[in-house]
Amino acid sequence: MPFSQPTVIRSRRVVLPDGERPADVLIRDGRIERVVAHGSLAVGDRKLADRELADRELLDRELVDLGDTALLPGLVDTHVHVNEPGRTEWEGFATATRAAAAGGVTTIIDMPLNSIPPTTTVEGLRVKRKTAEGQAWVDLGFWGGAVPGNVADLEPLYREGVFGFKSFLAPSGVDEFPHVEGPDLEAALAEQARIGALAIIHAEDPAVLAAAPQQPGVHYRDFLASRPADAETAAVAHLLDTARRTGARVHILHVSSAAVLPLLRRAREDGVRVTAETCPHYLTLAAEQVPDGDTAFKCCPPIRDESNRDALWEALANGEFIAVVSDHSPSTPDLKLLPEYGGSGDFAAAWGGIASLQLGLPAVWTEARRRGHSLSDVVRWMSAGPAELVGLTGTKGAIAPGHDADLVAFDPDGEFAVRASGLHHRNPVTPYAGRTLTGAVRGTWLRGREVDTGARPFGRQLVRPADSLSDSAGRTDSAF
Ligand SMILES: [Zn+2]
């Protein structure tokens with residue numbers, strides 16, 4: 001394998017925190033040791049340009065010269081539903097993390113629901129961790145869940161290293177993960193403010209959803225009408241009020257409607273600690289393009305129209321989103337009711353969730369490039385930003401000395417047609433099937449080793465780093 005155990009990776013397009021330039025990246029013991037001028041590290045002979053390195057066993061080590069293929073920090077995807085155990089037939093740790101690695105994602109944070117048990121207790125977290133052992137091809141962390149009645153579980157879960165807590169403001173789609181409202185929301189956010197945790201929120205308002213027209217069938221516009229933008233704005237407004245009262249730090253998951261952005265801006269001006277993310281499908285797909293019955297496109301909140309998509313891009317360019325993450329949430333094809341599997345194509349009844357973990361980088365890059373953005377922008381949205389969201393900036397999300405050598409060789413001009421059956425996630429369903437995307441992942445390294453799906457997985461389980469703990473609970477945490 002040309003890419004095994006490199007010591008130096010060289011590229012004319014290394015995407016560094018301060019921009020893109022030709023460089024040599026020196027890796028030692030799984031970490032990036034230094035980044036130096038392109039071509040300055042001669043490897044395998046005695047003419048080291050950098051004399052300091054001469055006695056450090058660099059000789060005979062491997063040089064990987066990527067030429068014009070870009071070198072990016074591995075992506076950090078903080079929004080992935082793995083579903084194992086309990087719904088492993090939807091997605092599992094081995095398949096999801098293989099898809100991640102193939103798509104240039106080197107860290108995922110797993111959502112607390114759709115697995116059984118959900119990650120709403122310490123015991124639930126232990127089950128998840130044990131199940132994931134030895135299966136992860138990339139590094140893996142866990143979100144906890146805040147549901148009605150588990151306020152007392154939040155601090156113990158946080159001490160065990162979950163990165164924060166997810167809540168739904170409207171029904172989640174699975175019975176074992178109920179949504180929070182009224183006093184439950186207030187109590188969950190107050191407790192998270194006390195322990196210093198980040199509350200991540202699915203924001204759609206159940207009353208607005210209940211009042212919306214419900215017209216089942218194969219027409220996407222009917223589904224869209226059943227999940228109006230008002231559901232997002234009402235939920236976000238209510239959440240921001242509660243965050244202001246409780247002092248909680250909140251993060252709005254998968255913003256679909258650009259109408260919520262002015263609310264977020266105003267809240268930030270008022271001192272509310274709020275961040276937001278959006279997803280590749282909201283940035284690259286549009287309601288106008290969804291074919292009748294193609295429920296691979298169904299997700300909640302839904303993909304909206306083209307003018308909304310333009311507004312999301314504008315907000316992204318203005319720094320209003322901290323992250324672009326997949327919300328990878330697959331199910332079996334029969335639950336998607338896909339016509340090609342004999343299903344009805346009914347958008348109302350189909351499982352809502354998009355499978356795209358392996359395709360987020362090329363999907364976003366294809367559209368970003370068309371709109372005049374650089375690889376550095378994409379890295380900020382999909383690697384540095386999400387790493388910052390979860391407090392992993394010291395180790396993930398950048399090609400910088402001391403960081404884990406999580407790296408991706410990415411050909412920004414490589415084109416490929418998406419075949420669902422060629423993807424690594426468990427069920428061959430994705431709304432990107434048949435599309436031609438620009439940008440191909442040529443290799444992925446995790447802590448300096450190429451991820452080779454023929455070998456054994458060596459992803460690690462991550463806990464929230466101690467330095468991301470807030471002092472608001474009046475103590476430091478000794479669990480790490
Ligand atoms: Zn999700």
# chains A, B, ... in the order shown; residues from 1 in each chain; ligands from 1

call {"tool": "residues_near_ligand", "arguments": {"ligand": "ligand 1", "cutoff": "7 Å", "atoms": "only C-alpha atoms and all ligand atoms", "output": "MDAnalysis selection string"}}
result
chainID A and resid 79:81 111 327:329

call {"tool": "write_last_selection", "arguments": {"atoms": "N, CA and C atoms", "output": "mmCIF file, in the first residue's frame"}}
result
data_model
loop_
_atom_site.group_PDB
_atom_site.id
_atom_site.type_symbol
_atom_site.label_atom_id
_atom_site.label_comp_id
_atom_site.auth_asym_id
_atom_site.auth_seq_id
_atom_site.Cartn_x
_atom_site.Cartn_y
_atom_site.Cartn_z
ATOM 1 N N HIS A 79 -22.926 15.009 13.733
ATOM 2 C CA HIS A 79 -24.354 14.658 13.672
ATOM 3 C C HIS A 79 -24.559 13.381 12.859
ATOM 4 N N VAL A 80 -24.363 12.246 13.527
ATOM 5 C CA VAL A 80 -24.488 10.952 12.863
ATOM 6 C C VAL A 80 -25.360 10.036 13.724
ATOM 7 N N HIS A 81 -26.332 9.401 13.099
ATOM 8 C CA HIS A 81 -27.164 8.410 13.801
ATOM 9 C C HIS A 81 -26.674 7.017 13.418
ATOM 10 N N MET A 111 -25.412 10.275 17.612
ATOM 11 C CA MET A 111 -26.633 10.804 18.230
ATOM 12 C C MET A 111 -27.228 9.786 19.213
ATOM 13 N N ASP A 327 -26.119 14.884 9.455
ATOM 14 C CA ASP A 327 -27.394 14.320 9.926
ATOM 15 C C ASP A 327 -27.678 12.994 9.206
ATOM 16 N N HIS A 328 -26.633 12.204 9.079
ATOM 17 C CA HIS A 328 -26.771 10.869 8.474
ATOM 18 C C HIS A 328 -27.750 10.059 9.319
ATOM 19 N N SER A 329 -28.897 9.728 8.749
ATOM 20 C CA SER A 329 -29.932 9.026 9.511
ATOM 21 C C SER A 329 -30.659 8.029 8.622
#

call {"tool": "residues_around", "arguments": {"residues": "Gly149 of chain A", "least_positions_apart": "6", "cutoff": "10 Å", "atoms": "only C-alpha atoms", "output": "PyMOL selection string"}}
result
chain A and resi 120+180+184+187-188

call {"tool": "atom_distance", "arguments": {"atom1": "atom CA of Tyr220 of chain A", "atom2": "atom CA of Trp365 of chain A"}}
result
26.0 Å

call {"tool": "atom_distance", "arguments": {"atom1": "atom CA of Gly397 of chain A", "atom2": "atom CA of Ser421 of chain A"}}
result
29.7 Å

call {"tool": "residues_around", "arguments": {"residues": "Glu186 of chain A", "least_positions_apart": "3", "cutoff": "9 Å", "atoms": "only C-alpha atoms", "output": "PyMOL selection string"}}
result
chain A and resi 180-183+189-191+242-243+245-246

call {"tool": "write_last_selection", "arguments": {"atoms": "N, CA and C atoms", "output": "CSV table (one decimal), in the first residue's frame"}}
result
chain,number,residue,atom,x,y,z
A,180,VAL,N,-39.3,17.1,24.5
A,180,VAL,CA,-39.5,17.9,25.8
A,180,VAL,C,-40.3,19.1,25.4
A,181,GLU,N,-41.1,19.5,26.3
A,181,GLU,CA,-41.8,20.8,26.2
A,181,GLU,C,-42.1,21.4,27.6
A,182,GLY,N,-42.5,22.6,27.7
A,182,GLY,CA,-42.9,23.2,28.9
A,182,GLY,C,-41.9,23.0,30.0
A,183,PRO,N,-42.3,22.6,31.2
A,183,PRO,CA,-41.4,22.5,32.4
A,183,PRO,C,-40.2,21.5,32.1
A,189,LEU,N,-32.8,22.5,30.4
A,189,LEU,CA,-31.8,23.5,30.0
A,189,LEU,C,-31.2,24.1,31.3
A,190,ALA,N,-32.0,24.2,32.4
A,190,ALA,CA,-31.5,24.8,33.6
A,190,ALA,C,-30.4,23.9,34.2
A,191,GLU,N,-30.6,22.6,34.1
A,191,GLU,CA,-29.6,21.6,34.5
A,191,GLU,C,-28.3,21.7,33.7
A,242,THR,N,-36.1,30.4,26.3
A,242,THR,CA,-35.8,29.5,27.4
A,242,THR,C,-34.3,29.5,27.7
A,243,ALA,N,-33.5,29.6,26.7
A,243,ALA,CA,-32.0,29.7,26.8
A,243,ALA,C,-31.7,31.0,27.5
A,245,ARG,N,-33.5,32.7,29.6
A,245,ARG,CA,-33.9,32.6,31.1
A,245,ARG,C,-33.0,31.7,31.9
A,246,THR,N,-32.6,30.6,31.3
A,246,THR,CA,-31.8,29.6,32.0
A,246,THR,C,-30.3,29.8,31.9

call {"tool": "atom_distance", "arguments": {"atom1": "atom CA of Leu357 of chain A", "atom2": "atom CA of Leu16 of chain A"}}
result
23.4 Å

call {"tool": "residues_around", "arguments": {"residues": "segment 446-454 of chain A", "least_positions_apart": "2", "cutoff": "9 Å", "atoms": "only C-alpha atoms", "output": "MDAnalysis selection string"}}
result
chainID A and resid 3:7 27:32 74 98 101:102 106:107 137:139 403:408 443:444 456:459

call {"tool": "closest_residue", "arguments": {"among": "A:Tyr282, A:Phe93, A:Phe163, A:Tyr158", "to": "Val255 of chain A", "atoms": "only C-alpha atoms"}}
result
A:Tyr282

call {"tool": "closest_residue", "arguments": {"among": "A:Ala211, A:Ala234, A:Ala146, A:Val390", "to": "Thr119 of chain A", "atoms": "only C-alpha atoms"}}
result
A:Ala146

call {"tool": "residues_around", "arguments": {"residues": "Ala258 of chain A", "least_positions_apart": "6", "cutoff": "9 Å", "atoms": "only C-alpha atoms", "output": "mmCIF file with all heavy atoms, in the first residue's frame"}}
result
data_model
loop_
_atom_site.group_PDB
_atom_site.id
_atom_site.type_symbol
_atom_site.label_atom_id
_atom_site.label_comp_id
_atom_site.auth_asym_id
_atom_site.auth_seq_id
_atom_site.Cartn_x
_atom_site.Cartn_y
_atom_site.Cartn_z
ATOM 1 N N ALA A 229 -41.944 26.241 7.335
ATOM 2 C CA ALA A 229 -40.842 27.000 7.942
ATOM 3 C C ALA A 229 -41.255 27.599 9.280
ATOM 4 O O ALA A 229 -40.427 27.736 10.193
ATOM 5 C CB ALA A 229 -40.383 28.094 6.975
ATOM 6 N N ASN A 308 -34.620 29.572 -0.708
ATOM 7 C CA ASN A 308 -34.187 29.318 0.672
ATOM 8 C C ASN A 308 -32.751 28.773 0.686
ATOM 9 O O ASN A 308 -31.934 29.165 1.520
ATOM 10 C CB ASN A 308 -35.149 28.312 1.311
ATOM 11 C CG ASN A 308 -34.738 27.947 2.736
ATOM 12 O OD1 ASN A 308 -34.893 28.731 3.656
ATOM 13 N ND2 ASN A 308 -34.173 26.753 2.903
ATOM 14 N N ARG A 309 -32.466 27.896 -0.257
ATOM 15 C CA ARG A 309 -31.110 27.342 -0.329
ATOM 16 C C ARG A 309 -30.084 28.456 -0.559
ATOM 17 O O ARG A 309 -29.021 28.470 0.069
ATOM 18 C CB ARG A 309 -31.039 26.308 -1.454
ATOM 19 C CG ARG A 309 -29.687 25.657 -1.570
ATOM 20 C CD ARG A 309 -29.651 24.591 -2.632
ATOM 21 N NE ARG A 309 -29.998 25.113 -3.947
ATOM 22 C CZ ARG A 309 -29.826 24.452 -5.084
ATOM 23 N NH1 ARG A 309 -29.335 23.227 -5.063
ATOM 24 N NH2 ARG A 309 -30.175 24.978 -6.237
ATOM 25 N N ASP A 310 -30.404 29.395 -1.449
ATOM 26 C CA ASP A 310 -29.488 30.526 -1.675
ATOM 27 C C ASP A 310 -29.270 31.315 -0.384
ATOM 28 O O ASP A 310 -28.158 31.752 -0.091
ATOM 29 C CB ASP A 310 -30.052 31.465 -2.757
ATOM 30 C CG ASP A 310 -29.978 30.844 -4.148
ATOM 31 O OD1 ASP A 310 -29.218 29.874 -4.333
ATOM 32 O OD2 ASP A 310 -30.688 31.343 -5.049
ATOM 33 N N ALA A 311 -30.351 31.490 0.381
ATOM 34 C CA ALA A 311 -30.230 32.252 1.640
ATOM 35 C C ALA A 311 -29.361 31.505 2.656
ATOM 36 O O ALA A 311 -28.607 32.115 3.416
ATOM 37 C CB ALA A 311 -31.612 32.527 2.211
ATOM 38 N N LEU A 312 -29.445 30.165 2.657
ATOM 39 C CA LEU A 312 -28.574 29.385 3.553
ATOM 40 C C LEU A 312 -27.107 29.567 3.161
ATOM 41 O O LEU A 312 -26.229 29.697 4.025
ATOM 42 C CB LEU A 312 -28.951 27.904 3.518
ATOM 43 C CG LEU A 312 -30.298 27.509 4.123
ATOM 44 C CD1 LEU A 312 -30.552 26.017 3.915
ATOM 45 C CD2 LEU A 312 -30.386 27.859 5.609
ATOM 46 N N ALA A 315 -25.854 32.870 4.395
ATOM 47 C CA ALA A 315 -25.586 32.823 5.839
ATOM 48 C C ALA A 315 -24.296 32.062 6.132
ATOM 49 O O ALA A 315 -23.501 32.449 6.995
ATOM 50 C CB ALA A 315 -26.764 32.162 6.556
#

call {"tool": "select_by_dssp", "arguments": {"residues": "segment 189-331 of chain A", "states": "strand (DSSP E or B)", "output": "PyMOL selection string"}}
result
chain A and resi 198-202+249-252+274-278+323-324+328

call {"tool": "write_last_selection", "arguments": {"atoms": "N, CA, C and O atoms", "output": "short mmCIF file (atom, residue, chain, number, x, y, z; two decimals), in the first residue's frame"}}
result
data_model
loop_
_atom_site.label_atom_id
_atom_site.label_comp_id
_atom_site.auth_asym_id
_atom_site.auth_seq_id
_atom_site.Cartn_x
_atom_site.Cartn_y
_atom_site.Cartn_z
N LEU A 198 -23.52 21.60 26.64
CA LEU A 198 -24.10 22.16 25.43
C LEU A 198 -25.40 21.42 25.10
O LEU A 198 -25.41 20.20 24.97
N ALA A 199 -26.50 22.18 24.96
CA ALA A 199 -27.79 21.60 24.60
C ALA A 199 -27.96 21.70 23.09
O ALA A 199 -27.93 22.79 22.52
N ILE A 200 -28.11 20.56 22.44
CA ILE A 200 -28.30 20.56 20.98
C ILE A 200 -29.75 20.17 20.70
O ILE A 200 -30.28 19.22 21.26
N ILE A 201 -30.40 20.95 19.83
CA ILE A 201 -31.86 20.92 19.79
C ILE A 201 -32.39 20.71 18.37
O ILE A 201 -32.01 21.43 17.44
N HIS A 202 -33.29 19.73 18.25
CA HIS A 202 -34.11 19.61 17.04
C HIS A 202 -35.28 20.56 17.22
O HIS A 202 -36.15 20.33 18.06
N ARG A 249 -26.29 27.15 27.12
CA ARG A 249 -25.66 27.29 25.79
C ARG A 249 -26.39 26.33 24.86
O ARG A 249 -26.47 25.13 25.15
N VAL A 250 -26.94 26.87 23.77
CA VAL A 250 -27.77 26.03 22.89
C VAL A 250 -27.22 26.03 21.46
O VAL A 250 -26.59 26.99 21.02
N HIS A 251 -27.48 24.94 20.79
CA HIS A 251 -27.04 24.77 19.40
C HIS A 251 -28.24 24.24 18.60
O HIS A 251 -28.82 23.21 18.97
N ILE A 252 -28.59 24.95 17.53
CA ILE A 252 -29.74 24.53 16.72
C ILE A 252 -29.25 23.54 15.66
O ILE A 252 -28.42 23.88 14.82
N VAL A 274 -25.74 31.02 21.42
CA VAL A 274 -26.40 30.12 20.47
C VAL A 274 -25.56 29.95 19.22
O VAL A 274 -25.02 30.92 18.68
N THR A 275 -25.43 28.70 18.78
CA THR A 275 -24.79 28.39 17.51
C THR A 275 -25.78 27.58 16.68
O THR A 275 -26.82 27.16 17.18
N ALA A 276 -25.43 27.38 15.41
CA ALA A 276 -26.33 26.63 14.53
C ALA A 276 -25.53 25.88 13.48
O ALA A 276 -24.41 26.26 13.15
N GLU A 277 -26.14 24.83 13.00
CA GLU A 277 -25.54 24.04 11.91
C GLU A 277 -26.56 23.91 10.78
O GLU A 277 -27.77 24.07 11.00
N THR A 278 -26.06 23.61 9.59
CA THR A 278 -26.94 23.15 8.53
C THR A 278 -26.29 21.91 7.91
O THR A 278 -25.25 21.46 8.39
N ALA A 323 -21.12 25.00 11.67
CA ALA A 323 -20.80 23.68 11.12
C ALA A 323 -21.76 23.27 10.02
O ALA A 323 -22.93 23.66 10.03
N VAL A 324 -21.23 22.47 9.10
CA VAL A 324 -22.05 21.75 8.13
C VAL A 324 -21.80 20.27 8.38
O VAL A 324 -20.68 19.77 8.21
N HIS A 328 -26.63 12.20 9.08
CA HIS A 328 -26.77 10.87 8.47
C HIS A 328 -27.75 10.06 9.32
O HIS A 328 -27.49 9.76 10.48
#

call {"tool": "select_by_dssp", "arguments": {"residues": "segment 151-398 of chain A", "states": "alpha helix (DSSP H)", "output": "ChimeraX atom specification"}}
result
/A:151-159,182-195,206-211,220-226,229-246,261-269,280-284,306-317,360-370,375-379,385-389

call {"tool": "closest_residue", "arguments": {"among": "A:Leu264, A:Ile195, A:Ile109, A:Ala37", "to": "Leu140 of chain A", "atoms": "only C-alpha atoms"}}
result
A:Ile109

call {"tool": "residues_around", "arguments": {"residues": "Pro156 of chain A", "least_positions_apart": "6", "cutoff": "12 Å", "atoms": "only C-alpha atoms", "output": "PyMOL selection string"}}
result
chain A and resi 119-125+144+150+162+164+191-192+195+197+477+479
